[in-house]
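run.txt follows; it contains compact mmCIF, C-alpha atoms.
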```txt
# COMPACT_ATOMS: atom_id res chain seq x y z
CA MET S 1 -4.08 -3.50 0.07
CA SER S 2 -3.59 -4.32 -3.56
CA CYS S 3 -4.98 -7.61 -4.78
CA SER S 4 -2.18 -9.90 -5.78
CA PRO S 5 -2.92 -13.51 -4.92
CA LYS S 6 0.70 -14.51 -5.48
CA SER S 7 2.27 -11.92 -3.22
CA VAL S 8 3.83 -13.64 -0.23
CA ALA S 9 4.55 -10.21 1.24
CA LEU S 10 0.87 -9.26 0.98
CA LYS S 11 -0.21 -12.41 2.76
CA ALA S 12 2.29 -11.67 5.53
CA TYR S 13 1.02 -8.10 5.66
CA ASN S 14 -2.61 -9.18 6.01
CA ARG S 15 -1.62 -11.67 8.70
CA GLY S 16 0.41 -9.01 10.53
CA VAL S 17 -2.46 -6.49 10.42
CA MET S 18 -4.90 -9.07 11.78
CA GLN S 19 -2.51 -9.93 14.59
CA THR S 20 -1.75 -6.34 15.58
CA MET S 21 -5.43 -5.38 15.37
CA SER S 22 -6.40 -8.37 17.53
CA VAL S 23 -3.84 -7.37 20.14
CA TYR S 24 -5.06 -3.78 19.91
CA VAL S 25 -8.72 -4.68 20.49
CA ALA S 26 -7.81 -6.94 23.40
CA THR S 27 -5.57 -4.26 24.91
CA ILE S 28 -8.04 -1.41 24.61
CA LEU S 29 -10.84 -3.52 26.07
CA PHE S 30 -8.63 -4.50 28.97
CA VAL S 31 -7.42 -0.93 29.59
CA ALA S 32 -10.93 0.52 29.39
CA TRP S 33 -12.19 -2.12 31.81
CA PHE S 34 -9.25 -1.71 34.21
CA VAL S 35 -9.38 2.10 34.24
CA SER S 36 -13.14 2.24 34.79
CA ARG S 37 -12.94 -0.32 37.60
CA HIS S 38 -9.73 0.59 39.43
CA HIS S 39 -9.15 4.27 38.54
CA PRO S 40 -5.37 3.89 38.51
CA THR S 41 -3.10 6.90 39.05
CA GLY S 42 0.58 7.71 38.68
CA VAL S 43 2.93 5.47 36.72
CA LEU S 44 0.36 2.70 36.32
CA ALA S 45 -2.07 5.12 34.65
CA TYR S 46 0.65 6.21 32.24
CA VAL S 47 1.60 2.64 31.41
CA LEU S 48 -2.01 1.62 30.85
CA ALA S 49 -2.72 4.68 28.72
CA ILE S 50 0.21 3.95 26.44
CA LEU S 51 -0.50 0.21 26.08
CA PRO S 52 -3.02 0.45 23.17
CA ALA S 53 -0.55 2.57 21.21
CA ILE S 54 1.98 -0.28 21.08
CA PRO S 55 0.05 -2.66 18.76
CA ILE S 56 -1.14 0.33 16.72
CA THR S 57 2.49 1.33 16.22
CA GLY S 58 3.16 -2.28 15.31
CA MET S 59 0.94 -1.78 12.27
CA LEU S 60 3.51 0.69 10.96
CA ALA S 61 6.21 -1.93 11.38
CA VAL S 62 4.02 -4.45 9.51
CA MET S 63 3.67 -1.92 6.68
CA GLY S 64 7.43 -1.33 6.65
CA ILE S 65 8.08 -5.06 6.41
CA TYR S 66 5.57 -5.31 3.56
CA LEU S 67 7.32 -2.53 1.62
CA ARG S 68 10.67 -4.22 2.20
CA ASP S 69 9.47 -7.67 1.12
CA GLU S 70 7.02 -6.90 -1.71
CA LYS S 71 8.69 -8.07 -4.92
CA ASP S 72 6.10 -6.50 -7.23
CA GLU S 73 7.41 -2.98 -7.77
CA PHE S 74 4.09 -1.69 -9.09
CA LEU S 75 2.17 -2.81 -6.00
CA ARG S 76 4.93 -1.23 -3.92
CA TRP S 77 4.55 1.99 -5.87
CA ILE S 78 0.78 2.13 -5.32
CA THR S 79 1.25 1.51 -1.61
CA ILE S 80 3.91 4.23 -1.33
CA GLN S 81 1.71 6.75 -3.16
CA ALA S 82 -1.19 6.00 -0.80
CA LEU S 83 1.10 6.33 2.23
CA LEU S 84 2.37 9.70 0.99
CA TRP S 85 -1.18 10.95 0.48
CA ALA S 86 -2.18 9.80 3.95
CA THR S 87 0.88 11.43 5.49
CA GLY S 88 0.19 14.71 3.72
CA VAL S 89 -3.50 14.79 4.64
CA VAL S 90 -2.83 13.96 8.29
CA LEU S 91 0.00 16.51 8.61
CA ALA S 92 -2.04 19.24 6.94
CA GLY S 93 -5.15 18.34 8.97
CA ALA S 94 -3.26 18.17 12.26
CA THR S 95 -1.64 21.53 11.56
CA ALA S 96 -4.99 23.11 10.71
CA VAL S 97 -6.60 21.65 13.85
CA GLY S 98 -3.66 22.92 15.92
CA PHE S 99 -4.15 26.47 14.65
CA LEU S 100 -7.92 26.23 15.15
CA GLU S 101 -7.23 25.20 18.73
CA SER S 102 -4.70 28.02 19.27
CA PHE S 103 -6.49 30.90 17.59
CA ALA S 104 -10.18 30.00 17.51
CA ASN S 105 -10.59 28.09 20.77
CA VAL S 106 -11.82 25.06 18.86
CA LYS S 107 -11.75 21.91 20.95
CA ALA S 108 -9.43 19.49 19.15
CA PRO S 109 -10.31 15.79 18.90
CA PRO S 110 -8.02 13.31 20.72
CA ALA S 111 -4.66 13.00 18.96
CA TYR S 112 -5.16 9.29 18.29
CA TRP S 113 -7.66 10.28 15.62
CA ALA S 114 -4.67 11.15 13.44
CA PHE S 115 -3.86 7.46 13.14
CA ILE S 116 -7.44 6.55 12.26
CA VAL S 117 -7.63 9.29 9.63
CA TYR S 118 -4.23 8.17 8.30
CA TRP S 119 -5.43 4.64 7.57
CA LEU S 120 -8.78 5.81 6.21
CA VAL S 121 -7.04 8.12 3.74
CA PHE S 122 -4.52 5.38 2.91
CA GLY S 123 -7.30 2.91 2.14
CA ALA S 124 -9.36 5.38 0.12
CA VAL S 125 -6.39 6.52 -1.98
CA GLN S 126 -5.22 2.99 -2.60
CA PHE S 127 -8.71 1.98 -3.72
CA TRP S 128 -8.86 4.98 -6.04
CA LEU S 129 -5.37 4.34 -7.47
CA GLN S 130 -6.18 0.70 -8.17
CA ARG S 131 -9.28 1.74 -10.07
CA GLN S 132 -7.30 4.28 -12.07
CA TYR S 133 -4.57 1.83 -13.01
CA ARG S 134 -7.07 -0.93 -13.80
CA LYS S 135 -8.75 1.13 -16.52
CA GLY S 136 -7.89 0.13 -20.05
CA GLY S 137 -7.19 -3.51 -19.27
CA ASP S 138 -8.32 -5.99 -21.88
CA ASP S 139 -8.33 -9.28 -20.05
CA MET K 1 7.09 6.15 -22.75
CA THR K 2 5.23 3.90 -25.17
CA ASN K 3 5.68 0.16 -25.52
CA GLN K 4 4.85 -2.84 -27.67
CA LEU K 5 4.07 -5.13 -24.78
CA ARG K 6 0.40 -5.70 -25.57
CA LEU K 7 1.20 -6.48 -29.20
CA MET K 8 4.04 -8.83 -28.30
CA ARG K 9 1.91 -10.57 -25.70
CA ALA K 10 -0.89 -11.03 -28.26
CA GLU K 11 1.59 -12.56 -30.72
CA LYS K 12 2.48 -15.14 -28.11
CA GLY K 13 -1.21 -15.77 -27.40
CA TRP K 14 -0.76 -14.97 -23.73
CA SER K 15 -3.28 -13.31 -21.47
CA GLN K 16 -2.19 -10.60 -19.08
CA ALA K 17 -2.36 -13.18 -16.32
CA ASP K 18 -0.05 -15.52 -18.31
CA LEU K 19 2.49 -12.76 -18.77
CA ALA K 20 2.18 -11.73 -15.13
CA ASP K 21 2.92 -15.32 -14.08
CA ARG K 22 5.99 -15.47 -16.31
CA LEU K 23 7.29 -12.15 -14.99
CA GLU K 24 6.30 -12.97 -11.39
CA VAL K 25 4.34 -9.75 -11.01
CA SER K 26 0.64 -9.02 -10.58
CA ARG K 27 -1.74 -8.84 -13.55
CA GLN K 28 -2.38 -5.28 -12.41
CA SER K 29 1.29 -4.49 -13.04
CA VAL K 30 1.16 -5.89 -16.57
CA ASN K 31 -1.95 -3.85 -17.32
CA ALA K 32 -0.43 -0.64 -15.94
CA ILE K 33 2.72 -1.14 -18.05
CA GLU K 34 0.80 -2.02 -21.21
CA THR K 35 -1.45 1.03 -20.91
CA GLY K 36 1.57 3.28 -20.37
CA LYS K 37 0.45 4.29 -16.89
CA TYR K 38 3.49 2.82 -15.24
CA ASP K 39 7.05 2.67 -16.51
CA PRO K 40 8.88 -0.40 -15.22
CA SER K 41 12.22 -0.22 -13.48
CA LEU K 42 15.32 -1.26 -15.42
CA PRO K 43 15.49 -4.71 -13.77
CA LEU K 44 11.85 -5.41 -14.72
CA ALA K 45 12.37 -4.02 -18.22
CA PHE K 46 15.32 -6.41 -18.63
CA ARG K 47 13.19 -9.32 -17.43
CA ILE K 48 10.54 -8.41 -20.00
CA ALA K 49 13.17 -8.13 -22.73
CA ARG K 50 14.69 -11.50 -21.82
CA LEU K 51 11.28 -13.15 -21.81
CA PHE K 52 10.49 -11.92 -25.33
CA GLU K 53 14.11 -12.28 -26.48
CA LYS K 54 14.26 -8.68 -27.65
CA ARG K 55 16.28 -5.61 -26.78
CA ILE K 56 14.68 -3.15 -24.33
CA GLU K 57 14.49 -0.41 -26.96
CA GLU K 58 12.56 -2.74 -29.24
CA ILE K 59 9.89 -2.97 -26.57
CA PHE K 60 9.96 0.47 -24.97
CA GLN K 61 10.19 3.73 -26.86
CA ASP K 62 10.98 7.07 -25.33
CA ASP K 63 8.52 9.74 -26.43
CA ALA K 64 10.98 12.57 -25.82
```
What do you get writing this file as structure tokens?
Amino acid sequence: MSCSPKSVALKAYNRGVMQTMSVYVATILFVAWFVSRHHPTGVLAYVLAILPAIPITGMLAVMGIYLRDEKDEFLRWITIQALLWATGVVLAGATAVGFLESFANVKAPPAYWAFIVYWLVFGAVQFWLQRQYRKGGDD
Amino acid sequence: MTNQLRLMRAEKGWSQADLADRLEVSRQSVNAIETGKYDPSLPLAFRIARLFEKRIEEIFQDDA
């Protein structure tokens, strides 16, 4: 995220991301352990499989809260641009992978990779935008 | 849009960080506005104008 030491919203965002990521790591470790040990089936398997997606989805809520609460419109603008880039790249990539799977028998990666790619693109674009906007500063 | 923000800030002897503090925005925001890479919203433009006790059009000029 953008570096603004005064931003209360940014501090809350960083705290929220740490919390959701902690819950995510704990959940996925638990699910992986439970599935490998007990080989659940039926409803329990579905519930366990969906569990790690809940904290990951929570990250989107944390981002939404940040955008709502960030008072610095410029930081908000950079974040929104990065989110739009990430959305576009993931949608275009997912569509291309879907067609590769349909017409070229390419084995698609697990769908959860979309989320990972989304945040990687978001971070890369935000870093690049901050560098662009920082140029020309005098002090 | 062009603006006189850097000049006006220099006249006051403020750094970008000083101005950012007074406007309650990030230093990054001040830099982006000064370099013409970001045009502030009307509410922020009014805050800048009030801070320097000038009219908005004395600070920001439309290139069109």
Coordinates-based distance that separates CA of Gly16 in chain S from CA of Asp69 in chain S (Å, one decimal):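 Computed distance, CA of Asp69 in chain S to CA of Gly16 in chain S, equals 13.1 Å.
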Separation of CA of Pro52 in chain S from CA of Val35 in chain S, in Å and rounded to one decimal: 12.9 Å
Go through range 7-42 of chain S residue by residue and, counting all atoms listed in the file, keep those with an atom at most 12 Å from range 22-31 of chain K; for each kept residue give the shortest atom pair and its distance in Å to one decimal, ordered by chain and increasing number, as JSON lines.
```
{"residue": "S:Ser7", "atom": "CA", "partner": "K:Ser26", "partner_atom": "CA", "distance": 8.1}
{"residue": "S:Val8", "atom": "CA", "partner": "K:Glu24", "partner_atom": "CA", "distance": 11.4}
{"residue": "S:Leu10", "atom": "CA", "partner": "K:Ser26", "partner_atom": "CA", "distance": 11.6}
```
Selected residues written out with C-alpha atoms, as a PDB file, in the frame of the given file:
```pdb
ATOM      1  CA  SER S   7       2.270 -11.920  -3.220  1.00  0.00           C
ATOM      2  CA  VAL S   8       3.830 -13.640  -0.230  1.00  0.00           C
ATOM      3  CA  LEU S  10       0.870  -9.260   0.980  1.00  0.00           C
TER       4      LEU S  10
END
```
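Taking CA of Ala61 in chain S as the reference point, CA of Lys11 in chain S is found at 15.0 Å.
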Report as CSV the residues of range 64-101 of chain S within 10 Å of range 109-118 of chain S, each with its shortest atom pair and distance in Å (one decimal), using only C-alpha atoms, ordered by chain and increasing residue number.
```
residue,atom,partner,partner_atom,distance
S:Ala82,CA,S:Tyr118,CA,9.8
S:Leu83,CA,S:Tyr118,CA,8.3
S:Leu84,CA,S:Tyr118,CA,10.0
S:Trp85,CA,S:Tyr118,CA,8.8
S:Ala86,CA,S:Tyr118,CA,5.1
S:Thr87,CA,S:Tyr118,CA,6.7
S:Gly88,CA,S:Tyr118,CA,9.1
S:Val89,CA,S:Tyr118,CA,7.6
S:Val90,CA,S:Tyr118,CA,6.0
S:Leu91,CA,S:Ala114,CA,8.6
S:Gly93,CA,S:Ala114,CA,8.5
S:Ala94,CA,S:Ala114,CA,7.3
S:Val97,CA,S:Pro109,CA,8.6
S:Glu101,CA,S:Pro109,CA,9.9
```
